[in-house]
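The next block is model.tsv, given as TSV, C-alpha atoms.
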```
chain	number	residue	atom	x	y	z
A	1	MET	CA	133.44	220.43	25.38
A	2	ARG	CA	136.83	221.82	24.39
A	3	ASP	CA	138.57	224.19	26.77
A	4	THR	CA	138.41	227.35	24.60
A	5	LYS	CA	137.97	231.03	25.33
A	6	GLU	CA	134.30	230.87	24.32
A	7	SER	CA	133.56	227.91	26.63
A	8	ARG	CA	135.14	229.69	29.55
A	9	LEU	CA	133.01	232.81	28.94
A	10	LEU	CA	129.87	230.63	28.73
A	11	LEU	CA	130.71	228.92	32.07
A	12	VAL	CA	131.22	232.29	33.76
A	13	LEU	CA	127.90	233.53	32.36
A	14	LEU	CA	125.98	230.47	33.61
A	15	ILE	CA	127.48	230.82	37.09
A	16	ALA	CA	126.50	234.50	37.18
A	17	ILE	CA	122.91	233.65	36.13
A	18	ALA	CA	122.73	230.94	38.83
A	19	PHE	CA	123.83	233.37	41.54
A	20	ALA	CA	121.29	235.90	40.31
A	21	LEU	CA	118.45	233.39	40.45
A	22	ILE	CA	119.46	232.30	43.95
A	23	THR	CA	119.49	235.92	45.10
A	24	VAL	CA	116.04	236.62	43.60
A	25	ASP	CA	114.66	233.39	45.13
A	26	ILE	CA	115.94	234.21	48.59
A	27	ARG	CA	114.61	237.80	48.52
A	28	GLY	CA	111.25	236.71	47.12
A	29	GLY	CA	110.51	234.20	49.89
A	30	ARG	CA	107.15	232.50	49.34
A	31	ASN	CA	106.41	234.86	46.39
A	32	SER	CA	109.62	233.94	44.63
A	33	PRO	CA	109.27	234.10	40.82
A	34	VAL	CA	111.11	230.80	40.49
A	35	ASP	CA	108.78	228.97	42.87
A	36	GLY	CA	106.64	227.69	39.98
A	37	ALA	CA	109.70	226.36	38.20
A	38	ARG	CA	110.84	224.63	41.37
A	39	HIS	CA	107.46	222.89	41.79
A	40	ALA	CA	107.51	221.87	38.15
A	41	ALA	CA	110.95	220.36	38.60
A	42	ALA	CA	109.76	218.54	41.71
A	43	ALA	CA	106.79	217.14	39.79
A	44	VAL	CA	109.09	215.85	37.07
A	45	PHE	CA	111.96	214.52	39.14
A	46	GLY	CA	110.03	213.53	42.33
A	47	PRO	CA	108.79	210.13	41.07
A	48	VAL	CA	112.28	209.33	39.85
A	49	GLU	CA	113.70	210.22	43.27
A	50	ASP	CA	111.08	208.11	45.04
A	51	GLY	CA	111.81	205.19	42.77
A	52	LEU	CA	115.50	205.45	43.42
A	53	SER	CA	114.83	205.76	47.14
A	54	SER	CA	112.60	202.67	47.16
A	55	ALA	CA	115.22	200.79	45.19
A	56	VAL	CA	118.05	201.83	47.48
A	57	ASP	CA	116.20	201.49	50.82
A	58	PRO	CA	116.00	197.65	50.80
A	59	VAL	CA	119.71	197.51	50.25
A	60	GLY	CA	120.26	199.94	53.10
A	61	ASN	CA	117.86	197.98	55.28
A	62	ALA	CA	119.61	194.75	54.41
A	63	VAL	CA	123.00	196.21	55.29
A	64	SER	CA	121.57	197.57	58.52
A	65	ALA	CA	120.00	194.21	59.29
A	66	VAL	CA	123.27	192.41	58.67
A	67	ARG	CA	125.08	194.92	60.87
A	68	ASP	CA	122.46	194.56	63.62
A	69	SER	CA	122.43	190.78	63.34
A	70	GLY	CA	126.17	190.80	63.71
A	71	SER	CA	125.79	192.88	66.82
A	72	ARG	CA	123.11	190.53	68.15
A	73	HIS	CA	125.32	187.55	67.29
A	74	ASP	CA	128.18	189.11	69.23
A	75	ARG	CA	125.91	189.68	72.24
A	76	LEU	CA	124.61	186.12	71.97
A	77	ALA	CA	128.13	184.75	71.73
A	78	THR	CA	129.11	186.78	74.80
A	79	LEU	CA	126.13	185.47	76.76
A	80	GLU	CA	126.90	181.91	75.69
A	81	LYS	CA	130.49	182.31	76.87
A	82	GLU	CA	129.32	183.75	80.18
A	83	ASN	CA	126.83	180.91	80.58
A	84	ALA	CA	129.50	178.30	79.81
A	85	ALA	CA	131.86	179.96	82.28
A	86	LEU	CA	129.12	179.97	84.92
A	87	LYS	CA	128.39	176.28	84.33
A	88	ALA	CA	132.10	175.51	84.54
A	89	LYS	CA	132.30	177.45	87.79
A	90	LEU	CA	129.30	175.63	89.19
A	91	GLY	CA	130.80	172.32	88.14
A	92	SER	CA	134.09	173.29	89.73
A	93	ASP	CA	132.27	174.34	92.90
A	94	ASP	CA	130.42	171.01	92.98
A	95	ARG	CA	133.70	169.17	92.63
A	96	ASN	CA	135.30	171.30	95.32
A	97	ARG	CA	132.35	170.65	97.61
A	98	SER	CA	132.73	166.91	96.99
A	99	ARG	CA	136.43	167.08	97.78
A	100	LEU	CA	135.82	169.07	100.94
A	101	LYS	CA	133.31	166.46	102.03
A	102	GLN	CA	135.83	163.67	101.35
A	103	LEU	CA	138.51	165.58	103.23
A	104	ASP	CA	136.21	166.11	106.21
A	105	LYS	CA	135.49	162.38	106.38
A	106	LEU	CA	139.19	161.58	106.03
A	107	LEU	CA	140.14	163.94	108.85
A	108	LYS	CA	137.41	162.47	111.03
A	109	VAL	CA	138.73	158.95	110.51
A	110	ALA	CA	142.30	160.13	111.14
A	111	GLY	CA	141.21	161.88	114.32
A	112	GLU	CA	139.24	158.92	115.70
A	113	GLY	CA	142.07	156.49	114.95
A	114	GLN	CA	144.84	158.91	115.95
A	115	TYR	CA	146.53	158.35	112.60
A	116	GLY	CA	149.08	160.87	111.40
A	117	ILE	CA	148.29	161.19	107.70
A	118	LYS	CA	149.56	162.88	104.57
A	119	GLY	CA	146.71	163.87	102.27
A	120	ALA	CA	147.02	163.09	98.57
A	121	GLN	CA	144.99	163.09	95.38
A	122	VAL	CA	144.58	160.21	92.95
A	123	ILE	CA	146.13	161.24	89.61
A	124	ALA	CA	146.17	157.93	87.69
A	125	ILE	CA	144.61	154.48	87.74
A	126	GLY	CA	146.10	151.06	87.19
A	127	SER	CA	145.15	150.64	83.53
A	128	ALA	CA	148.32	152.56	82.67
A	129	GLN	CA	150.42	150.22	84.79
A	130	GLY	CA	149.23	146.76	83.81
A	131	PHE	CA	146.32	144.64	85.00
A	132	SER	CA	146.74	145.21	88.73
A	133	TRP	CA	144.25	147.22	90.76
A	134	THR	CA	146.50	150.18	91.51
A	135	ILE	CA	146.36	153.95	91.67
A	136	THR	CA	148.99	156.69	91.54
A	137	ILE	CA	148.86	159.51	94.06
A	138	ASP	CA	150.54	162.93	93.96
A	139	ALA	CA	152.66	162.40	97.09
A	140	GLY	CA	156.05	160.72	97.26
A	141	ALA	CA	159.36	160.59	99.04
A	142	ASN	CA	159.57	164.38	99.17
A	143	ASP	CA	156.36	164.29	101.25
A	144	GLY	CA	157.61	161.65	103.69
A	145	ILE	CA	155.92	158.70	101.94
A	146	LYS	CA	157.63	155.32	102.21
A	147	ARG	CA	156.97	151.84	100.91
A	148	ASP	CA	154.48	149.68	102.88
A	149	MET	CA	152.49	152.50	104.40
A	150	THR	CA	148.73	152.15	104.93
A	151	VAL	CA	146.46	154.16	102.64
A	152	LEU	CA	142.91	155.03	103.66
A	153	ASN	CA	140.13	157.49	102.96
A	154	GLY	CA	137.04	158.68	104.79
A	155	ASP	CA	135.35	155.30	104.31
A	156	GLY	CA	138.10	152.88	105.29
A	157	LEU	CA	141.01	150.84	103.96
A	158	VAL	CA	142.17	151.78	100.44
A	159	GLY	CA	145.41	149.79	100.17
A	160	ARG	CA	149.15	150.03	100.76
A	161	VAL	CA	152.03	151.88	99.15
A	162	THR	CA	154.15	149.63	96.91
A	163	THR	CA	156.50	151.97	95.04
A	164	VAL	CA	157.62	155.51	95.84
A	165	GLY	CA	159.01	158.22	93.60
A	166	PRO	CA	160.11	161.74	94.49
A	167	GLY	CA	156.66	163.27	93.96
A	168	THR	CA	154.31	160.32	93.31
A	169	SER	CA	153.59	156.87	94.72
A	170	THR	CA	151.81	153.72	93.57
A	171	VAL	CA	149.18	152.17	95.81
A	172	LEU	CA	148.04	148.55	95.56
A	173	LEU	CA	144.30	148.54	96.23
A	174	ALA	CA	142.71	146.24	98.78
A	175	ASN	CA	140.59	144.53	96.10
A	176	ASP	CA	143.62	143.40	94.08
A	177	PRO	CA	143.99	139.57	93.97
A	178	ASP	CA	147.56	139.92	95.28
A	179	PHE	CA	146.43	141.97	98.26
A	180	THR	CA	146.13	140.38	101.73
A	181	VAL	CA	145.47	142.05	105.06
A	182	GLY	CA	144.95	140.73	108.56
A	183	THR	CA	141.47	141.42	109.93
A	184	ARG	CA	139.66	141.37	113.24
A	185	MET	CA	135.93	140.97	113.75
A	186	GLU	CA	134.14	143.71	115.63
A	187	GLY	CA	133.24	142.72	119.18
A	188	ASP	CA	134.46	139.11	119.42
A	189	ASP	CA	137.99	139.75	118.05
A	190	GLU	CA	138.00	136.75	115.70
A	191	LEU	CA	141.05	137.00	113.46
A	192	GLY	CA	141.35	136.29	109.77
A	193	PHE	CA	142.95	137.26	106.48
A	194	ALA	CA	141.14	139.21	103.75
A	195	SER	CA	142.12	138.88	100.10
A	196	GLY	CA	141.03	140.96	97.14
A	197	GLN	CA	138.87	139.57	94.34
A	198	GLY	CA	138.71	142.45	91.90
A	199	ASP	CA	135.17	143.77	91.52
A	200	ARG	CA	133.78	141.05	93.80
A	201	PRO	CA	133.56	141.11	97.61
A	202	LEU	CA	136.70	140.48	99.65
A	203	ARG	CA	137.27	136.87	100.66
A	204	VAL	CA	138.06	136.43	104.36
A	205	GLU	CA	139.38	133.23	105.95
A	206	LEU	CA	138.74	133.22	109.69
A	207	LEU	CA	141.27	131.28	111.73
A	208	ASN	CA	138.50	129.79	113.86
A	209	GLY	CA	136.40	127.43	111.75
A	210	LYS	CA	133.68	127.42	114.41
A	211	ALA	CA	133.41	131.17	114.82
A	212	GLU	CA	129.89	132.54	115.12
A	213	VAL	CA	129.52	135.02	112.28
A	214	LYS	CA	126.46	136.49	110.61
A	215	LYS	CA	125.61	138.82	107.77
A	216	GLY	CA	126.12	142.45	108.76
A	217	ASP	CA	129.08	141.84	111.07
A	218	ARG	CA	131.98	144.24	110.53
A	219	LEU	CA	135.74	143.96	110.26
A	220	VAL	CA	138.77	146.22	110.83
A	221	THR	CA	142.47	145.77	110.16
A	222	PHE	CA	144.35	143.77	112.77
A	223	GLY	CA	147.64	145.59	112.26
A	224	SER	CA	151.14	144.44	111.31
A	225	GLN	CA	154.50	144.13	112.99
A	226	ALA	CA	155.82	147.67	113.53
A	227	ASP	CA	152.59	148.91	111.89
A	228	LYS	CA	153.84	148.12	108.37
A	229	PRO	CA	152.22	147.65	105.99
A	230	PHE	CA	149.02	148.04	108.05
A	231	VAL	CA	148.07	150.03	111.09
A	232	PRO	CA	145.29	148.62	113.32
A	233	GLY	CA	141.64	149.64	113.48
A	234	VAL	CA	141.03	150.79	109.90
A	235	PRO	CA	137.49	149.83	108.75
A	236	VAL	CA	137.57	147.07	106.10
A	237	GLY	CA	133.95	146.15	105.34
A	238	VAL	CA	130.71	144.37	106.19
A	239	VAL	CA	130.01	140.64	105.99
A	240	SER	CA	127.67	139.99	103.07
A	241	ARG	CA	127.76	136.17	103.03
A	242	VAL	CA	129.00	133.35	105.23
A	243	ASP	CA	129.89	129.95	103.83
A	244	PRO	CA	128.34	127.07	105.79
A	245	SER	CA	130.79	125.60	108.24
A	246	GLY	CA	132.12	122.28	106.93
A	247	GLY	CA	134.07	121.41	110.03
A	248	GLY	CA	137.30	122.81	108.56
A	249	LEU	CA	140.05	124.60	110.37
A	250	THR	CA	138.98	127.96	108.88
A	251	ARG	CA	135.72	129.61	107.95
A	252	THR	CA	135.13	131.60	104.77
A	253	LEU	CA	133.36	134.94	104.69
A	254	TYR	CA	132.62	137.39	101.90
A	255	VAL	CA	132.92	141.02	102.84
A	256	THR	CA	131.65	144.10	100.99
A	257	PRO	CA	134.38	146.74	101.43
A	258	TYR	CA	133.52	150.18	102.73
A	259	VAL	CA	135.63	151.82	100.03
A	260	GLY	CA	134.43	152.24	96.46
A	261	PHE	CA	137.62	151.44	94.55
A	262	THR	CA	136.32	152.78	91.24
A	263	LYS	CA	135.70	156.32	92.52
A	264	LEU	CA	138.73	157.29	94.55
A	265	ASP	CA	139.87	160.90	94.71
A	266	ILE	CA	141.14	162.16	98.07
A	267	VAL	CA	143.14	159.66	100.18
A	268	GLY	CA	145.46	159.75	103.16
A	269	VAL	CA	148.74	157.92	103.71
A	270	VAL	CA	149.38	157.00	107.34
A	271	VAL	CA	152.85	158.37	108.04
A	272	THR	CA	152.52	158.06	111.83
A	273	ALA	CA	150.85	155.05	113.46
A	274	PRO	CA	148.61	155.48	116.53
A	275	LYS	CA	150.19	154.93	119.93
A	276	ASN	CA	147.33	152.66	120.94
A	277	ASP	CA	145.14	150.29	118.94
A	278	PRO	CA	141.88	152.18	118.27
A	279	ARG	CA	140.03	148.84	118.19
A	280	ASP	CA	136.48	149.46	116.85
A	281	THR	CA	136.26	153.19	117.48
A	282	VAL	CA	136.88	154.14	113.83
A	283	LEU	CA	133.96	152.07	112.51
A	284	PRO	CA	131.00	154.16	111.38
A	285	ALA	CA	127.97	154.30	113.63
A	286	LYS	CA	125.55	151.47	113.01
A	287	PRO	CA	122.26	152.51	111.43
A	288	LYS	CA	119.42	152.56	113.90
A	289	PRO	CA	116.74	149.96	113.18
A	290	VAL	CA	113.48	151.40	111.96
A	291	PRO	CA	110.60	150.19	114.16
A	292	THR	CA	107.93	148.22	112.35
A	293	PRO	CA	104.50	149.78	112.94
A	294	THR	CA	101.87	147.48	114.39
A	295	VAL	CA	98.20	147.72	113.56
A	296	THR	CA	95.47	146.48	115.91
A	297	VAL	CA	92.26	145.41	114.19
A	298	THR	CA	89.02	145.08	116.17
A	299	VAL	CA	86.37	142.87	114.62
A	300	THR	CA	82.73	143.51	115.60
A	301	PRO	CA	80.33	140.60	114.90
A	302	SER	CA	77.47	141.40	112.58
A	303	ALA	CA	73.91	141.28	113.94
A	304	ASP	CA	72.98	138.70	111.30
A	305	ALA	CA	75.92	136.42	112.13
A	306	PRO	CA	74.92	133.01	113.60
A	307	VAL	CA	75.42	132.63	117.33
A	308	SER	CA	76.89	129.43	118.75
A	309	ASP	CA	75.16	127.46	121.50
A	310	GLN	CA	77.82	128.52	123.97
A	311	GLN	CA	77.11	132.19	123.31
A	312	GLN	CA	73.33	131.69	123.87
```

Written as structure tokens, how would this file's structure read?
Amino acid sequence: MRDTKESRLLLVLLIAIAFALITVDIRGGRNSPVDGARHAAAAVFGPVEDGLSSAVDPVGNAVSAVRDSGSRHDRLATLEKENAALKAKLGSDDRNRSRLKQLDKLLKVAGEGQYGIKGAQVIAIGSAQGFSWTITIDAGANDGIKRDMTVLNGDGLVGRVTTVGPGTSTVLLANDPDFTVGTRMEGDDELGFASGQGDRPLRVELLNGKAEVKKGDRLVTFGSQADKPFVPGVPVGVVSRVDPSGGGLTRTLYVTPYVGFTKLDIVGVVVTAPKNDPRDTVLPAKPKPVPTPTVTVTVTPSADAPVSDQQQ
């Protein structure tokens, strides 16, 4: 429609009529003269409105569902993060408990042997340093560590320090083929030398070829001159096999070490040797033998059993 004088007058007239109808409708209330027209309009346009509503509602529902699902996804993601954090905390707590247990055992060994130790953690294994059985610990010269110091843990002899840096040190493990330590048998003081054999038991050559040794006997370190590289009394292991004596000058034993060399974590470097040889006091308590139950069976002869002449 063109914007002319006539069109403007028509627009003003329609607006005036609309206001008049609204006024009459409001004053008439339920008896409004336009009520019939309103119902007629509702009858005509109602189905169209319902159709549009039914067509639009699924879209609205879908949008709402997507919005809600996003909210649920966010809550689920939050719960998953909290669960993962809780598991990580539990795992960390388990590890801390394991370390505390190792530290308790280490301090007990140090106390019983009167060893002055510097605690350290294993931070690397020997695969990064060649084919030797070695570990790297997070203690070095700045911590008072020196070459040829004894290294132990709560189970027994771990090895000896071979190289020292400012903050780290390398330890040659007792199961390395190049490792040798003097040993002493528990009780009878028979001396020998233990050598590493990798993942096999230690090989021990006793100086006395006629020494009486049996499976289950235990060994500790004999100690070195000026306590380097080994202090005395550190548990080494348990005899697992004894070679038959062939009348030689020495006797060969195979010893299962107390230390598990593939699962080292907390260790101690002996920075101060004991004033006196602890002898066998650092060895763990021997397990008490479990008594074998005995059963007494009483046999009662049957009445139908034959009776010998002597019993008649």

Which neighbours of Asn175 (chain A) fall inside 10 Å, counting only C-alpha atoms, when residues of the same chain fewer than 6 positions from it are skipped, and could you give them as a PyMOL selection string? chain A and resi 132-134+158-159+194-203+257+259-261

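In this model, the gap between CA of Gly167 (chain A) and CA of Gly144 (chain A) comes to 9.9 Å.
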
Residue nearest Leu264 (chain A) - candidates A:Met185, A:Ile125, A:Leu191, A:Ile117, atoms counted: only C-alpha atoms: A:Ile125

Shell around region 226-230 of chain A at 7 Å using all atoms listed in the file, local window under 5 positions removed, as a VMD selection string: chain A and resid 148 to 150 160 273

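When all atoms listed in the file are used to measure the gap to Gly113 (chain A), the shortest distance among A:Gln225, A:Val181, A:Leu152, A:Asp143 belongs to A:Leu152.
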
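CA of Leu253 (chain A) is positioned 16.4 Å from CA of Gly187 (chain A).
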
Protein, DNA and RNA residues within 9 Å of (134.2, 149.8, 105.3), only C-alpha atoms, as a PyMOL selection string: chain A and resi 155-157+218-220+234-238+256-259+283-284

Please determine, counting all atoms listed in the file, which residue among A:Ser240, A:Asn208, A:Gln114, A:Thr183 has the shortest atom-to-atom distance to Pro278 (chain A). A:Gln114

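Going from CA of Asp280 (chain A) over to CA of Thr136 (chain A), you cover 29.1 Å.
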
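Shortest separation to Asn96 (chain A) among A:Gly192, A:Pro287, A:Glu112, A:Asp265 occurs at residue A:Asp265, atoms counted being all atoms listed in the file.
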
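In this comparison, which uses all atoms listed in the file, the residue of A:Val171, A:Ala124, A:Ala285, A:Leu249 approaching Ile145 (chain A) most closely is A:Val171.
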